[in-house]
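input_18.pdb follows; it contains PDB, C-alpha atoms.
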```
MODEL        1
ATOM      1  CA  SER S   1       0.000   0.000   0.000  1.00  0.00           C
ATOM      2  CA  ALA S   2       1.156   3.548  -0.630  1.00  0.00           C
ATOM      3  CA  SER S   3       2.705   5.398   2.282  1.00  0.00           C
ATOM      4  CA  ALA S   4       0.612   8.117   3.855  1.00  0.00           C
ATOM      5  CA  THR S   5       1.803  11.686   3.441  1.00  0.00           C
ATOM      6  CA  PRO S   6       3.474  12.803   6.669  1.00  0.00           C
ATOM      7  CA  ALA S   7       1.639  15.398   8.754  1.00  0.00           C
ATOM      8  CA  VAL S   8       2.893  17.430  11.712  1.00  0.00           C
ATOM      9  CA  THR S   9       0.306  18.041  14.450  1.00  0.00           C
ATOM     10  CA  ALA S  10       2.493  19.524  17.206  1.00  0.00           C
ATOM     11  CA  ILE S  11       6.058  20.457  18.089  1.00  0.00           C
ATOM     12  CA  ALA S  12       7.647  21.073  21.488  1.00  0.00           C
ATOM     13  CA  PRO S  13       9.275  23.385  22.291  1.00  0.00           C
ATOM     14  CA  THR S  14       8.026  25.890  19.702  1.00  0.00           C
ATOM     15  CA  SER S  15      11.042  28.181  19.918  1.00  0.00           C
ATOM     16  CA  GLY S  16      14.784  28.183  20.482  1.00  0.00           C
ATOM     17  CA  PRO S  17      17.968  30.210  20.090  1.00  0.00           C
ATOM     18  CA  THR S  18      19.381  31.246  16.708  1.00  0.00           C
ATOM     19  CA  ALA S  19      22.515  29.229  17.535  1.00  0.00           C
ATOM     20  CA  GLY S  20      20.472  26.043  17.090  1.00  0.00           C
ATOM     21  CA  GLY S  21      20.900  22.916  19.163  1.00  0.00           C
ATOM     22  CA  THR S  22      17.328  22.809  20.476  1.00  0.00           C
ATOM     23  CA  LYS S  23      15.969  19.259  20.752  1.00  0.00           C
ATOM     24  CA  VAL S  24      12.473  19.454  19.299  1.00  0.00           C
ATOM     25  CA  THR S  25       9.888  16.695  19.663  1.00  0.00           C
ATOM     26  CA  VAL S  26       7.770  16.565  16.507  1.00  0.00           C
ATOM     27  CA  THR S  27       4.416  14.801  16.794  1.00  0.00           C
ATOM     28  CA  GLY S  28       2.224  13.758  13.888  1.00  0.00           C
ATOM     29  CA  THR S  29       1.579  10.879  11.503  1.00  0.00           C
ATOM     30  CA  GLY S  30       3.266   9.090   8.627  1.00  0.00           C
ATOM     31  CA  PHE S  31       6.794   9.471   9.999  1.00  0.00           C
ATOM     32  CA  THR S  32       7.922   5.872   9.383  1.00  0.00           C
ATOM     33  CA  GLY S  33      11.099   5.841   7.301  1.00  0.00           C
ATOM     34  CA  ALA S  34      11.492   9.621   7.370  1.00  0.00           C
ATOM     35  CA  THR S  35      14.499  10.704   5.328  1.00  0.00           C
ATOM     36  CA  LYS S  36      14.582  14.424   6.051  1.00  0.00           C
ATOM     37  CA  VAL S  37      13.501  16.997   8.619  1.00  0.00           C
ATOM     38  CA  LEU S  38      13.717  20.648   7.596  1.00  0.00           C
ATOM     39  CA  PHE S  39      13.487  23.822   9.643  1.00  0.00           C
ATOM     40  CA  GLY S  40      12.315  26.070   6.828  1.00  0.00           C
ATOM     41  CA  THR S  41      14.792  25.214   4.075  1.00  0.00           C
ATOM     42  CA  VAL S  42      17.615  24.099   6.379  1.00  0.00           C
ATOM     43  CA  ALA S  43      18.049  20.459   7.357  1.00  0.00           C
ATOM     44  CA  ALA S  44      17.894  19.515  11.023  1.00  0.00           C
ATOM     45  CA  THR S  45      21.355  19.032  12.529  1.00  0.00           C
ATOM     46  CA  SER S  46      20.219  15.497  13.343  1.00  0.00           C
ATOM     47  CA  PHE S  47      16.970  13.637  13.825  1.00  0.00           C
ATOM     48  CA  LYS S  48      15.686  10.316  15.076  1.00  0.00           C
ATOM     49  CA  VAL S  49      12.446   8.612  14.101  1.00  0.00           C
ATOM     50  CA  VAL S  50      11.105   7.410  17.444  1.00  0.00           C
ATOM     51  CA  SER S  51       7.886   6.007  15.980  1.00  0.00           C
ATOM     52  CA  ALA S  52       5.391   6.542  13.154  1.00  0.00           C
ATOM     53  CA  THR S  53       4.006   9.458  15.178  1.00  0.00           C
ATOM     54  CA  LYS S  54       7.102  10.941  16.828  1.00  0.00           C
ATOM     55  CA  ILE S  55      10.457  12.350  15.738  1.00  0.00           C
ATOM     56  CA  THR S  56      13.103  14.109  17.773  1.00  0.00           C
ATOM     57  CA  ALA S  57      15.079  16.671  15.788  1.00  0.00           C
ATOM     58  CA  VAL S  58      17.891  19.083  16.671  1.00  0.00           C
ATOM     59  CA  SER S  59      17.415  22.594  15.315  1.00  0.00           C
ATOM     60  CA  PRO S  60      20.112  23.994  12.994  1.00  0.00           C
ATOM     61  CA  ALA S  61      21.441  27.536  13.450  1.00  0.00           C
ATOM     62  CA  GLN S  62      19.320  30.149  11.666  1.00  0.00           C
ATOM     63  CA  SER S  63      18.588  33.860  11.858  1.00  0.00           C
ATOM     64  CA  ALA S  64      15.782  35.105  14.096  1.00  0.00           C
ATOM     65  CA  SER S  65      12.537  34.226  12.349  1.00  0.00           C
ATOM     66  CA  THR S  66       9.710  31.712  12.346  1.00  0.00           C
ATOM     67  CA  ARG S  67      10.141  28.567  10.248  1.00  0.00           C
ATOM     68  CA  ASN S  68       7.871  25.670   9.403  1.00  0.00           C
ATOM     69  CA  ILE S  69       9.190  22.224  10.280  1.00  0.00           C
ATOM     70  CA  PHE S  70       8.777  19.813   7.377  1.00  0.00           C
ATOM     71  CA  VAL S  71       9.096  16.014   7.523  1.00  0.00           C
ATOM     72  CA  THR S  72       9.851  14.036   4.359  1.00  0.00           C
ATOM     73  CA  ALA S  73       9.121  10.293   4.281  1.00  0.00           C
ATOM     74  CA  GLY S  74       7.968   7.669   1.790  1.00  0.00           C
ATOM     75  CA  GLY S  75       4.623   9.388   1.309  1.00  0.00           C
ATOM     76  CA  GLY S  76       6.077  12.797   0.506  1.00  0.00           C
ATOM     77  CA  THR S  77       6.600  15.943   2.534  1.00  0.00           C
ATOM     78  CA  SER S  78       4.314  17.244   5.257  1.00  0.00           C
ATOM     79  CA  PRO S  79       2.333  20.394   4.407  1.00  0.00           C
ATOM     80  CA  ALA S  80       3.036  23.645   6.253  1.00  0.00           C
ATOM     81  CA  VAL S  81       0.605  24.138   9.128  1.00  0.00           C
ATOM     82  CA  ILE S  82       0.345  26.524  12.080  1.00  0.00           C
ATOM     83  CA  ALA S  83       1.220  23.668  14.456  1.00  0.00           C
ATOM     84  CA  ASP S  84       4.657  23.131  12.864  1.00  0.00           C
ATOM     85  CA  LYS S  85       5.966  26.707  13.318  1.00  0.00           C
ATOM     86  CA  PHE S  86       9.278  27.022  15.190  1.00  0.00           C
ATOM     87  CA  THR S  87      10.515  30.467  16.166  1.00  0.00           C
ATOM     88  CA  TYR S  88      14.198  31.355  16.406  1.00  0.00           C
ATOM     89  CA  THR S  89      14.824  34.031  19.022  1.00  0.00           C
TER      90      THR S  89
ENDMDL
END
```
What would you get if you wrote out this structure as structure tokens?
Amino acid sequence: SASATPAVTAIAPTSGPTAGGTKVTVTGTGFTGATKVLFGTVAATSFKVVSATKITAVSPAQSASTRNIFVTAGGGTSPAVIADKFTYT
């Protein structure tokens, strides 16, 4: 069967320093076999797929702004939603 498109339903915390290094827990669906986690257009420093519904990702350094967190897996890339916004401060 075709893989479901990933979807992000929550992230915690929702903000972190511009230097990066924040461990963010991403909750959602369709995360099995995820190949990429992006903060905006920048790849996470590292990430671990904990389960089909949970990923832990380390934020990369970026300028102060708000970015969407995108997860790419077999079913494609998650759409941008309000729940996936991470703010660099």
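If you apply the PyMOL selection byres ((chain S and resi 44) around 7) to this structure, you end up with Val37, Leu38, Phe39, Val42, Ala43, Thr45, Ser46, Phe47, Ala57, Val58, Ser59 and Pro60 of chain S.
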Problem - Selected residue, from S:Gln62, S:Ser15, S:Thr72, S:Thr9, that lies nearest to Phe31 in chain S when counting all atoms listed in the file - result: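 Of all the options, S:Thr72 lies closest to Phe31 in chain S.
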Practice task
Quick one: pull the distance between CA of Ala61 in chain S and CA of Thr77 in chain S, Å, one decimal.
Solution key: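 Interatomic distance here is 21.8 Å.
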Exercise for the section: Measuring atom to atom with only C-alpha atoms, identify which of S:Ala83, S:Ala12, S:Ala4, S:Ala19 is nearest to Ala64 in chain S. Expected result: S:Ala19
Fill in the blank from the handout: Of S:Gly33, S:Gly40, S:Gly28, S:Gly74, the one nearest to Ala10 in chain S when counting all atoms listed in the file is S:Gly28
Problem - One-decimal distance in Å that lies between CA of Val24 in chain S and CA of Gly75 in chain S - result: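 Taking CA of Gly75 in chain S and CA of Val24 in chain S, their separation equals 22.1 Å.
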Handout entry: Å distance separating CA of Thr29 in chain S from CA of Thr41 in chain S, one decimal place
Key =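 Going from CA of Thr29 in chain S over to CA of Thr41 in chain S, I get 20.9 Å.
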Exercise for the section: Please identify all polymer residues within 10 Å of Thr32 in chain S, counting all atoms listed in the file, omitting same-chain residues fewer than 4 positions from it, and present them as number ranges by chain. Expected result: S: 3-4, 6, 49-55, 72-75
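Residues selected in this file by the PyMOL selection byres ((chain S and resi 16) around 7) comprise Ser15, Pro17, Thr18, Gly20, Thr22, Thr87, Tyr88 and Thr89 of chain S.
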Problem - Residue list as a list in words for point (7.8, 29.5, 10.1), cut-off 6 Å, only C-alpha atoms - result: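 It turns out the residues near that spot are Thr66, Arg67, Asn68, Lys85 and Phe86 of chain S.
Shortest atom-to-atom contact with Val71 in chain S among S:Gly21, S:Val8, S:Thr14, S:Thr56: S:Val8, counting all atoms listed in the file.
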Problem - Residue nearest Ser78 in chain S - candidates S:Val26, S:Pro13, S:Thr35, S:Ala7, atoms counted: all atoms listed in the file - result: S:Ala7
